[in-house]
>>> print(open('coords.txt').read())   # compact mmCIF, C-alpha atoms
# COMPACT_ATOMS: atom_id res chain seq x y z
CA MET A 25 -18.36 -72.79 -52.61
CA PRO A 26 -18.08 -72.00 -48.91
CA PRO A 27 -21.19 -70.93 -47.06
CA GLU A 28 -21.73 -67.29 -46.17
CA PRO A 29 -20.05 -66.20 -42.90
CA SER A 30 -22.66 -67.25 -40.39
CA THR A 31 -23.31 -69.41 -37.39
CA SER A 32 -23.12 -72.51 -39.60
CA TYR A 33 -19.75 -71.45 -40.99
CA ALA A 34 -18.41 -70.79 -37.50
CA ALA A 35 -19.70 -74.17 -36.34
CA ALA A 36 -17.86 -75.84 -39.22
CA ILE A 37 -14.45 -74.39 -38.34
CA ALA A 38 -14.67 -74.04 -34.53
CA PRO A 39 -13.86 -77.69 -33.61
CA ALA A 40 -10.72 -77.68 -35.75
CA LEU A 41 -9.56 -74.37 -34.30
CA LEU A 42 -9.10 -75.89 -30.86
CA ASP A 43 -8.00 -79.40 -31.84
CA PRO A 44 -4.73 -79.65 -33.79
CA THR A 45 -5.42 -83.28 -34.64
CA ARG A 46 -8.35 -82.30 -36.85
CA ALA A 47 -7.93 -81.62 -40.54
CA VAL A 48 -8.50 -78.16 -41.97
CA PRO A 49 -12.27 -77.83 -42.59
CA THR A 50 -13.27 -78.11 -46.23
CA VAL A 51 -15.19 -74.83 -46.00
CA VAL A 52 -11.89 -72.98 -45.49
CA ILE A 53 -10.41 -72.08 -48.88
CA GLY A 54 -7.32 -69.95 -49.49
CA PRO A 55 -6.69 -67.38 -52.23
CA ASN A 56 -7.22 -68.78 -55.72
CA GLY A 57 -8.41 -72.06 -54.19
CA LYS A 58 -4.97 -72.92 -52.81
CA ALA A 59 -4.36 -75.12 -49.79
CA THR A 60 -4.80 -73.41 -46.42
CA GLU A 61 -2.97 -75.70 -43.97
CA LYS A 62 -0.26 -73.19 -43.01
CA ARG A 63 -2.59 -70.19 -42.84
CA PHE A 64 -5.12 -72.10 -40.78
CA GLY A 65 -2.36 -73.44 -38.53
CA VAL A 66 -1.21 -69.90 -37.73
CA TYR A 67 -4.78 -68.80 -37.03
CA ARG A 68 -5.39 -71.89 -34.89
CA ASN A 69 -2.28 -71.19 -32.83
CA ASN A 70 -3.25 -67.53 -32.35
CA VAL A 71 -6.69 -68.51 -31.08
CA THR A 72 -5.24 -70.99 -28.59
CA VAL A 73 -2.61 -68.54 -27.37
CA SER A 74 -5.21 -65.80 -26.84
CA LEU A 75 -7.37 -68.16 -24.76
CA ILE A 76 -4.37 -69.26 -22.69
CA GLU A 77 -3.49 -65.61 -22.05
CA ALA A 78 -7.07 -64.91 -21.00
CA LEU A 79 -6.91 -67.79 -18.49
CA ALA A 80 -3.53 -66.61 -17.24
CA ALA A 81 -4.92 -63.13 -16.60
CA ILE A 82 -7.91 -64.50 -14.69
CA TYR A 83 -6.00 -67.14 -12.73
CA ALA A 84 -2.80 -65.26 -11.96
CA ALA A 85 -2.24 -67.00 -8.62
CA VAL A 86 -2.68 -70.44 -10.18
CA LEU A 87 -0.15 -69.44 -12.86
CA ARG A 88 2.38 -68.34 -10.26
CA ILE A 89 1.91 -71.50 -8.20
CA THR A 90 2.23 -73.96 -11.09
CA GLY A 91 4.73 -72.10 -13.23
CA ASN A 92 4.30 -71.03 -16.83
CA ASP A 93 4.97 -74.36 -18.58
CA PHE A 94 2.65 -76.39 -16.34
CA PHE A 95 -0.09 -73.78 -16.56
CA ARG A 96 0.03 -73.49 -20.34
CA ALA A 97 -0.03 -77.28 -20.77
CA MET A 98 -3.00 -77.57 -18.42
CA ALA A 99 -4.75 -74.68 -20.16
CA ARG A 100 -4.36 -76.34 -23.57
CA PHE A 101 -6.10 -79.48 -22.33
CA TYR A 102 -8.85 -77.35 -20.84
CA ILE A 103 -9.34 -75.32 -24.02
CA ARG A 104 -9.81 -78.48 -26.10
CA SER A 105 -12.44 -79.79 -23.70
CA SER A 106 -14.20 -76.47 -23.02
CA PRO A 107 -14.38 -74.12 -26.02
CA PRO A 108 -15.61 -70.54 -25.47
CA ARG A 109 -19.38 -70.00 -25.43
CA SER A 110 -19.28 -66.21 -25.17
CA PRO A 111 -17.48 -63.53 -27.23
CA LEU A 112 -16.42 -61.91 -23.94
CA LEU A 113 -13.02 -63.23 -22.88
CA PHE A 114 -13.56 -62.43 -19.19
CA GLU A 115 -16.46 -64.89 -19.24
CA TYR A 116 -14.17 -67.69 -20.40
CA GLY A 117 -12.82 -70.23 -17.95
CA ARG A 118 -15.75 -70.22 -15.54
CA ASP A 119 -15.42 -73.99 -15.07
CA PHE A 120 -11.60 -73.97 -15.08
CA PRO A 121 -11.49 -74.61 -11.29
CA ALA A 122 -13.58 -77.78 -11.77
CA PHE A 123 -11.20 -78.87 -14.54
CA ILE A 124 -8.20 -78.31 -12.27
CA LYS A 125 -9.79 -80.46 -9.58
CA ARG A 126 -9.95 -83.46 -11.92
CA TYR A 127 -6.78 -82.71 -13.89
CA GLU A 128 -4.46 -85.69 -13.46
CA TYR A 129 -1.23 -83.76 -13.06
CA ALA A 130 -2.64 -81.34 -10.45
CA GLN A 131 -3.63 -84.04 -7.95
CA SER A 132 -0.55 -83.32 -5.83
CA LEU A 133 -1.98 -79.83 -5.25
CA PRO A 134 -5.49 -80.63 -3.94
CA TRP A 135 -6.05 -77.03 -2.85
CA LEU A 136 -5.27 -75.53 -6.27
CA ALA A 137 -8.86 -75.75 -7.54
CA ASP A 138 -10.14 -73.80 -4.53
CA VAL A 139 -7.54 -71.07 -5.09
CA ALA A 140 -8.87 -70.87 -8.65
CA ARG A 141 -12.43 -70.61 -7.30
CA VAL A 142 -11.39 -67.60 -5.22
CA GLU A 143 -9.82 -66.01 -8.30
CA ARG A 144 -12.97 -66.61 -10.36
CA ALA A 145 -15.11 -65.10 -7.59
CA TRP A 146 -12.77 -62.07 -7.54
CA LEU A 147 -13.33 -61.50 -11.26
CA ASP A 148 -17.08 -62.00 -11.01
CA ALA A 149 -17.23 -59.50 -8.14
CA TYR A 150 -15.22 -57.03 -10.21
CA HIS A 151 -17.70 -57.24 -13.10
CA ALA A 152 -20.86 -57.38 -10.96
CA ALA A 153 -23.48 -54.64 -11.13
CA ASP A 154 -22.94 -51.48 -9.11
CA ALA A 155 -25.05 -50.89 -5.99
CA VAL A 156 -24.88 -48.67 -2.93
CA PRO A 157 -23.77 -50.71 0.11
CA LEU A 158 -25.76 -50.68 3.31
CA ALA A 159 -24.82 -47.69 5.48
CA PRO A 160 -22.77 -48.51 8.62
CA HIS A 161 -25.40 -46.90 10.88
CA ALA A 162 -28.36 -48.74 9.32
CA LEU A 163 -28.90 -51.07 12.28
CA ALA A 164 -28.68 -48.24 14.82
CA ARG A 165 -32.18 -47.10 13.83
CA ILE A 166 -33.72 -50.55 14.41
CA ALA A 167 -35.32 -51.39 17.76
CA PRO A 168 -33.42 -54.24 19.49
CA GLU A 169 -36.50 -56.49 19.61
CA ARG A 170 -36.82 -56.28 15.80
CA LEU A 171 -33.22 -57.14 14.92
CA ALA A 172 -33.74 -60.92 14.86
CA SER A 173 -36.43 -60.61 12.16
CA LEU A 174 -34.37 -58.55 9.73
CA VAL A 175 -33.66 -59.88 6.25
CA PHE A 176 -30.61 -58.65 4.35
CA ALA A 177 -30.25 -58.13 0.58
CA ALA A 178 -26.79 -59.10 -0.70
CA HIS A 179 -24.75 -56.73 -2.83
CA PRO A 180 -24.48 -58.01 -6.46
CA ALA A 181 -20.70 -58.33 -6.02
CA THR A 182 -20.80 -60.40 -2.83
CA ARG A 183 -19.36 -63.91 -3.24
CA LEU A 184 -18.58 -66.72 -0.79
CA VAL A 185 -16.01 -69.47 -1.36
CA ARG A 186 -15.62 -72.25 1.20
CA SER A 187 -12.59 -74.54 1.23
CA PRO A 188 -11.21 -77.38 3.36
CA TYR A 189 -7.78 -75.92 2.57
CA SER A 190 -5.97 -72.62 3.23
CA ALA A 191 -7.23 -71.22 -0.07
CA VAL A 192 -7.46 -67.60 1.10
CA THR A 193 -3.91 -67.52 2.45
CA ILE A 194 -2.50 -69.21 -0.65
CA PHE A 195 -4.48 -66.89 -2.93
CA ALA A 196 -3.29 -63.75 -1.12
CA ALA A 197 0.34 -64.90 -1.05
CA ASN A 198 0.39 -65.59 -4.78
CA ARG A 199 -1.43 -62.50 -6.04
CA SER A 200 1.48 -60.25 -5.16
CA ALA A 201 5.07 -60.09 -6.33
CA GLU A 202 6.43 -60.77 -2.84
CA PRO A 203 8.29 -64.04 -2.12
CA VAL A 204 6.02 -66.80 -0.83
CA GLY A 205 7.07 -68.64 2.31
CA ARG A 206 5.93 -72.04 3.50
CA ILE A 207 2.15 -72.27 3.96
CA ASP A 208 0.29 -74.98 5.86
CA ALA A 209 -2.46 -75.72 3.36
CA SER A 210 -4.39 -78.07 5.65
CA THR A 211 -6.31 -75.38 7.59
CA PRO A 212 -9.88 -74.84 6.28
CA GLU A 213 -10.57 -71.27 5.20
CA ASP A 214 -13.64 -69.47 3.89
CA ALA A 215 -13.40 -66.40 1.67
CA LEU A 216 -15.76 -63.43 1.52
CA ILE A 217 -15.32 -61.47 -1.69
CA THR A 218 -16.88 -58.00 -1.88
CA ARG A 219 -16.54 -54.75 -3.81
CA PRO A 220 -17.67 -51.98 -1.47
CA ASP A 221 -16.27 -49.24 -3.71
CA VAL A 222 -14.31 -49.81 -6.92
CA GLU A 223 -11.83 -52.26 -5.46
CA VAL A 224 -12.47 -55.96 -4.89
CA VAL A 225 -11.54 -57.16 -1.40
CA VAL A 226 -11.04 -60.77 -0.26
CA ARG A 227 -11.45 -61.45 3.46
CA GLN A 228 -11.01 -64.63 5.46
CA LEU A 229 -14.12 -65.38 7.51
CA PRO A 230 -13.95 -66.54 11.14
CA PRO A 231 -15.43 -69.89 12.27
CA GLY A 232 -19.19 -69.74 11.79
CA GLY A 233 -18.88 -66.74 9.46
CA ALA A 234 -19.51 -68.64 6.24
CA ILE A 235 -22.72 -70.29 7.38
CA PHE A 236 -23.84 -66.97 8.85
CA ILE A 237 -23.50 -65.01 5.63
CA SER A 238 -24.71 -67.86 3.43
CA CYS A 239 -27.92 -67.99 5.48
CA LEU A 240 -28.33 -64.22 5.20
CA MET A 241 -27.71 -64.32 1.45
CA ALA A 242 -30.35 -67.05 1.15
CA GLY A 243 -32.93 -64.77 2.79
CA CYS A 244 -32.90 -66.16 6.32
CA PRO A 245 -33.77 -63.68 9.11
CA LEU A 246 -30.84 -62.45 11.18
CA GLY A 247 -31.87 -64.46 14.24
CA GLU A 248 -32.02 -67.71 12.27
CA ALA A 249 -28.64 -67.07 10.63
CA ALA A 250 -27.09 -66.28 14.00
CA ALA A 251 -28.46 -69.48 15.50
CA MET A 252 -26.94 -71.53 12.68
CA ALA A 253 -23.56 -69.82 13.16
CA LEU A 254 -23.60 -70.36 16.93
CA LYS A 255 -24.47 -74.01 16.45
CA GLN A 256 -21.33 -74.45 14.36
CA ALA A 257 -19.09 -72.10 16.37
CA PRO A 258 -20.28 -71.46 19.98
CA THR A 259 -17.88 -68.50 20.34
CA PHE A 260 -19.25 -66.75 17.23
CA ASP A 261 -19.53 -63.00 17.87
CA ILE A 262 -22.79 -61.93 16.20
CA ALA A 263 -22.38 -58.17 16.68
CA ALA A 264 -18.78 -58.10 15.47
CA ASN A 265 -19.54 -60.23 12.43
CA ILE A 266 -22.60 -58.32 11.26
CA ALA A 267 -20.66 -55.07 11.71
CA GLY A 268 -17.79 -56.52 9.69
CA LEU A 269 -20.11 -57.63 6.88
CA ILE A 270 -21.70 -54.20 6.67
CA GLU A 271 -18.29 -52.55 6.67
CA ALA A 272 -17.22 -54.91 3.87
CA GLY A 273 -20.17 -53.78 1.75
CA ALA A 274 -21.70 -57.27 1.60
CA PHE A 275 -25.31 -55.99 1.71
CA THR A 276 -27.40 -53.22 0.17
CA SER A 277 -30.55 -53.12 2.31
CA ILE A 278 -32.47 -54.58 5.23
CA ALA A 279 -36.18 -55.21 5.75
CA PRO A 280 -38.41 -57.04 8.25
CA ALA A 281 -38.94 -60.69 7.42
CA THR A 282 -42.23 -61.71 5.83
CA PHE A 283 -43.29 -65.31 6.21
CA GLY A 284 -45.76 -65.48 3.36
CA ASP A 285 -43.43 -67.94 1.61
CA GLY A 286 -44.47 -70.67 4.03
CA ARG A 287 -41.34 -70.78 6.11
>>> encode(input="coords.txt", output="structure tokens")
Amino acid sequence: MPPEPSTSYAAAIAPALLDPTRAVPTVVIGPNGKATEKRFGVYRNNVTVSLIEALAAIYAAVLRITGNDFFRAMARFYIRSSPPRSPLLFEYGRDFPAFIKRYEYAQSLPWLADVARVERAWLDAYHAADAVPLAPHALARIAPERLASLVFAAHPATRLVRSPYSAVTIFAANRSAEPVGRIDASTPEDALITRPDVEVVVRQLPPGGAIFISCLMAGCPLGEAAAMALKQAPTFDIAANIAGLIEAGAFTSIAPATFGDGR
């Protein structure tokens, strides 16, 4: 007789659900002990379709770029290699961008994986914890000589995606219903994803902006982050960029640096 519905039962049927080449598991028995091939086939197809639809909802720009048939074929290969590990569908597909990068038939679109990374970051920002962003006037109360030692705390929704391709432009062009013109994909672009209120916003960072915010998010003092940005981009405007990051809701608080960590 089949085992009770449990983790062991799920483990027995899960591999066959996502791989049509596998036989129906012996633990699956139909009414009156009859064969279950057709019933299980319908259930298997429904599971696969629901996972494809979940991926299509998350990676809408990738779907529009590749077209429905290409996307669904690619998604089927992904689903067989990466079964769900969470009951929450929005958690599924976290490593889909990495799969796209190595997917044989997507090699002619080398920037596609980075567009998918931006989309994944968008979803993660959407579901991140709520927090009150840093007030625009927060730095006005700080004495100028103390600014360089300030440490910023990132908002839970803040994400950074760096790309050697025009991933932000391609993402933005394909997340709307408007016609997409020709895009030069060879220009490197870095994306800042934030959720200052209830709406997720994707911004393209200027040269030096990505290293600046990544240093701040890692806990570097403002002066150290600014020095790193200026080293990469000598024309980097520190005041304009920090004001832009605060306006974007990228941080929640500031505090003087403490060097008890040995730095």
>>> closest_residue(input="coords.txt", among="A:Leu113, A:Leu171, A:Val156, A:Ala191", to="A:Arg141", atoms="only C-alpha atoms")
A:Ala191
>>> atom_distance(input="coords.txt", atom1="atom CA of A:Ser173", atom2="atom CA of A:Arg186")
26.2 Å
>>> closest_residue(input="coords.txt", among="A:Ala272, A:Ala137, A:Val204, A:Met98", to="A:Arg183", atoms="all atoms listed in the file")
A:Ala272
>>> closest_residue(input="coords.txt", among="A:Ala234, A:Val175, A:Glu248, A:Ala181", to="A:Ala281", atoms="all atoms listed in the file")
A:Val175
>>> atom_distance(input="coords.txt", atom1="atom CA of A:Gly247", atom2="atom CA of A:Pro160")
19.2 Å
>>> axis_aligned_box(input="coords.txt", around="stretch 212-224 of chain A", padding_each_side="6 Å", output="JSON")
{"center_x": -13.8, "center_y": -62.0, "center_z": -0.3, "size_x": 19.8, "size_y": 37.6, "size_z": 25.2}
>>> closest_residue(input="coords.txt", among="A:Thr276, A:Ser105, A:Ser110, A:Ser187", to="A:Phe123", atoms="all atoms listed in the file")
A:Ser105
>>> residues_around(input="coords.txt", residues="A:Pro231", least_positions_apart="5", cutoff="9 Å", atoms="only C-alpha atoms", output="MDAnalysis selection string")
chainID A and resid 213:214 253 256:257 259:260
>>> closest_residue(input="coords.txt", among="A:Ile89, A:Ala140, A:Arg109, A:Glu115", to="A:Ala201", atoms="only C-alpha atoms")
A:Ile89
>>> residues_near_point(input="coords.txt", point="(-17.3, -59.1, -6.8)", cutoff="7 Å", atoms="only C-alpha atoms", output="JSON, numbers by chain")
{"A": [145, 146, 147, 148, 149, 150, 151, 152, 181, 182, 183, 217, 218, 219, 224]}
>>> closest_residue(input="coords.txt", among="A:Ala84, A:Val225, A:Cys244, A:Ala250", to="A:Ala274", atoms="only C-alpha atoms")
A:Val225
>>> build_atoms(input="coords.txt", residues="stretch 170-193 of chain A", atoms="N, CA, C and O atoms", output="short mmCIF file (atom, residue, chain, number, x, y, z; two decimals), in the coordinates of the input")
data_model
loop_
_atom_site.label_atom_id
_atom_site.label_comp_id
_atom_site.auth_asym_id
_atom_site.auth_seq_id
_atom_site.Cartn_x
_atom_site.Cartn_y
_atom_site.Cartn_z
N ARG A 170 -36.52 -56.00 17.20
CA ARG A 170 -36.82 -56.28 15.80
C ARG A 170 -35.62 -56.81 15.03
O ARG A 170 -35.74 -57.23 13.88
N LEU A 171 -34.44 -56.77 15.64
CA LEU A 171 -33.22 -57.14 14.92
C LEU A 171 -33.26 -58.58 14.41
O LEU A 171 -32.84 -58.86 13.29
N ALA A 172 -33.77 -59.51 15.23
CA ALA A 172 -33.74 -60.92 14.86
C ALA A 172 -34.57 -61.22 13.62
O ALA A 172 -34.33 -62.21 12.92
N SER A 173 -35.55 -60.35 13.31
CA SER A 173 -36.43 -60.61 12.16
C SER A 173 -35.97 -59.95 10.87
O SER A 173 -36.63 -60.08 9.84
N LEU A 174 -34.83 -59.27 10.93
CA LEU A 174 -34.37 -58.55 9.73
C LEU A 174 -33.86 -59.50 8.65
O LEU A 174 -33.19 -60.49 8.94
N VAL A 175 -34.16 -59.15 7.42
CA VAL A 175 -33.66 -59.88 6.25
C VAL A 175 -32.75 -58.94 5.46
O VAL A 175 -33.09 -57.78 5.25
N PHE A 176 -31.61 -59.46 5.04
CA PHE A 176 -30.61 -58.65 4.35
C PHE A 176 -30.59 -58.98 2.85
O PHE A 176 -30.70 -60.14 2.47
N ALA A 177 -30.41 -57.95 2.03
CA ALA A 177 -30.25 -58.13 0.58
C ALA A 177 -28.77 -58.04 0.25
O ALA A 177 -28.11 -57.03 0.56
N ALA A 178 -28.23 -59.07 -0.38
CA ALA A 178 -26.79 -59.10 -0.70
C ALA A 178 -26.45 -58.14 -1.84
O ALA A 178 -27.23 -57.94 -2.76
N HIS A 179 -25.28 -57.56 -1.73
CA HIS A 179 -24.75 -56.73 -2.83
C HIS A 179 -24.48 -57.64 -4.03
O HIS A 179 -24.07 -58.79 -3.86
N PRO A 180 -24.72 -57.17 -5.27
CA PRO A 180 -24.48 -58.01 -6.46
C PRO A 180 -23.07 -58.56 -6.55
O PRO A 180 -22.84 -59.60 -7.17
N ALA A 181 -22.09 -57.88 -5.93
CA ALA A 181 -20.70 -58.33 -6.02
C ALA A 181 -20.31 -59.32 -4.94
O ALA A 181 -19.22 -59.89 -4.99
N THR A 182 -21.17 -59.54 -3.95
CA THR A 182 -20.80 -60.40 -2.83
C THR A 182 -20.70 -61.87 -3.26
O THR A 182 -21.62 -62.41 -3.87
N ARG A 183 -19.59 -62.50 -2.94
CA ARG A 183 -19.36 -63.91 -3.24
C ARG A 183 -18.80 -64.61 -2.00
O ARG A 183 -18.14 -64.00 -1.16
N LEU A 184 -19.08 -65.90 -1.89
CA LEU A 184 -18.58 -66.72 -0.79
C LEU A 184 -17.94 -67.97 -1.36
O LEU A 184 -18.55 -68.65 -2.19
N VAL A 185 -16.72 -68.26 -0.93
CA VAL A 185 -16.01 -69.47 -1.36
C VAL A 185 -15.55 -70.21 -0.11
O VAL A 185 -14.79 -69.66 0.68
N ARG A 186 -16.01 -71.44 0.06
CA ARG A 186 -15.62 -72.25 1.20
C ARG A 186 -14.62 -73.31 0.75
O ARG A 186 -14.74 -73.87 -0.34
N SER A 187 -13.63 -73.58 1.60
CA SER A 187 -12.59 -74.54 1.23
C SER A 187 -12.10 -75.31 2.45
O SER A 187 -11.95 -74.74 3.53
N PRO A 188 -11.83 -76.60 2.28
CA PRO A 188 -11.21 -77.38 3.36
C PRO A 188 -9.71 -77.14 3.44
O PRO A 188 -9.03 -77.76 4.26
N TYR A 189 -9.20 -76.24 2.60
CA TYR A 189 -7.78 -75.92 2.57
C TYR A 189 -7.57 -74.42 2.84
O TYR A 189 -8.54 -73.65 2.92
N SER A 190 -6.31 -74.02 2.95
CA SER A 190 -5.97 -72.62 3.23
C SER A 190 -6.00 -71.80 1.94
O SER A 190 -5.02 -71.12 1.58
N ALA A 191 -7.13 -71.84 1.25
CA ALA A 191 -7.23 -71.22 -0.07
C ALA A 191 -7.06 -69.71 -0.03
O ALA A 191 -6.47 -69.13 -0.95
N VAL A 192 -7.56 -69.06 1.03
CA VAL A 192 -7.46 -67.60 1.10
C VAL A 192 -6.01 -67.18 1.30
O VAL A 192 -5.52 -66.26 0.63
N THR A 193 -5.32 -67.85 2.19
CA THR A 193 -3.91 -67.52 2.45
C THR A 193 -3.06 -67.76 1.21
O THR A 193 -2.20 -66.93 0.86
#
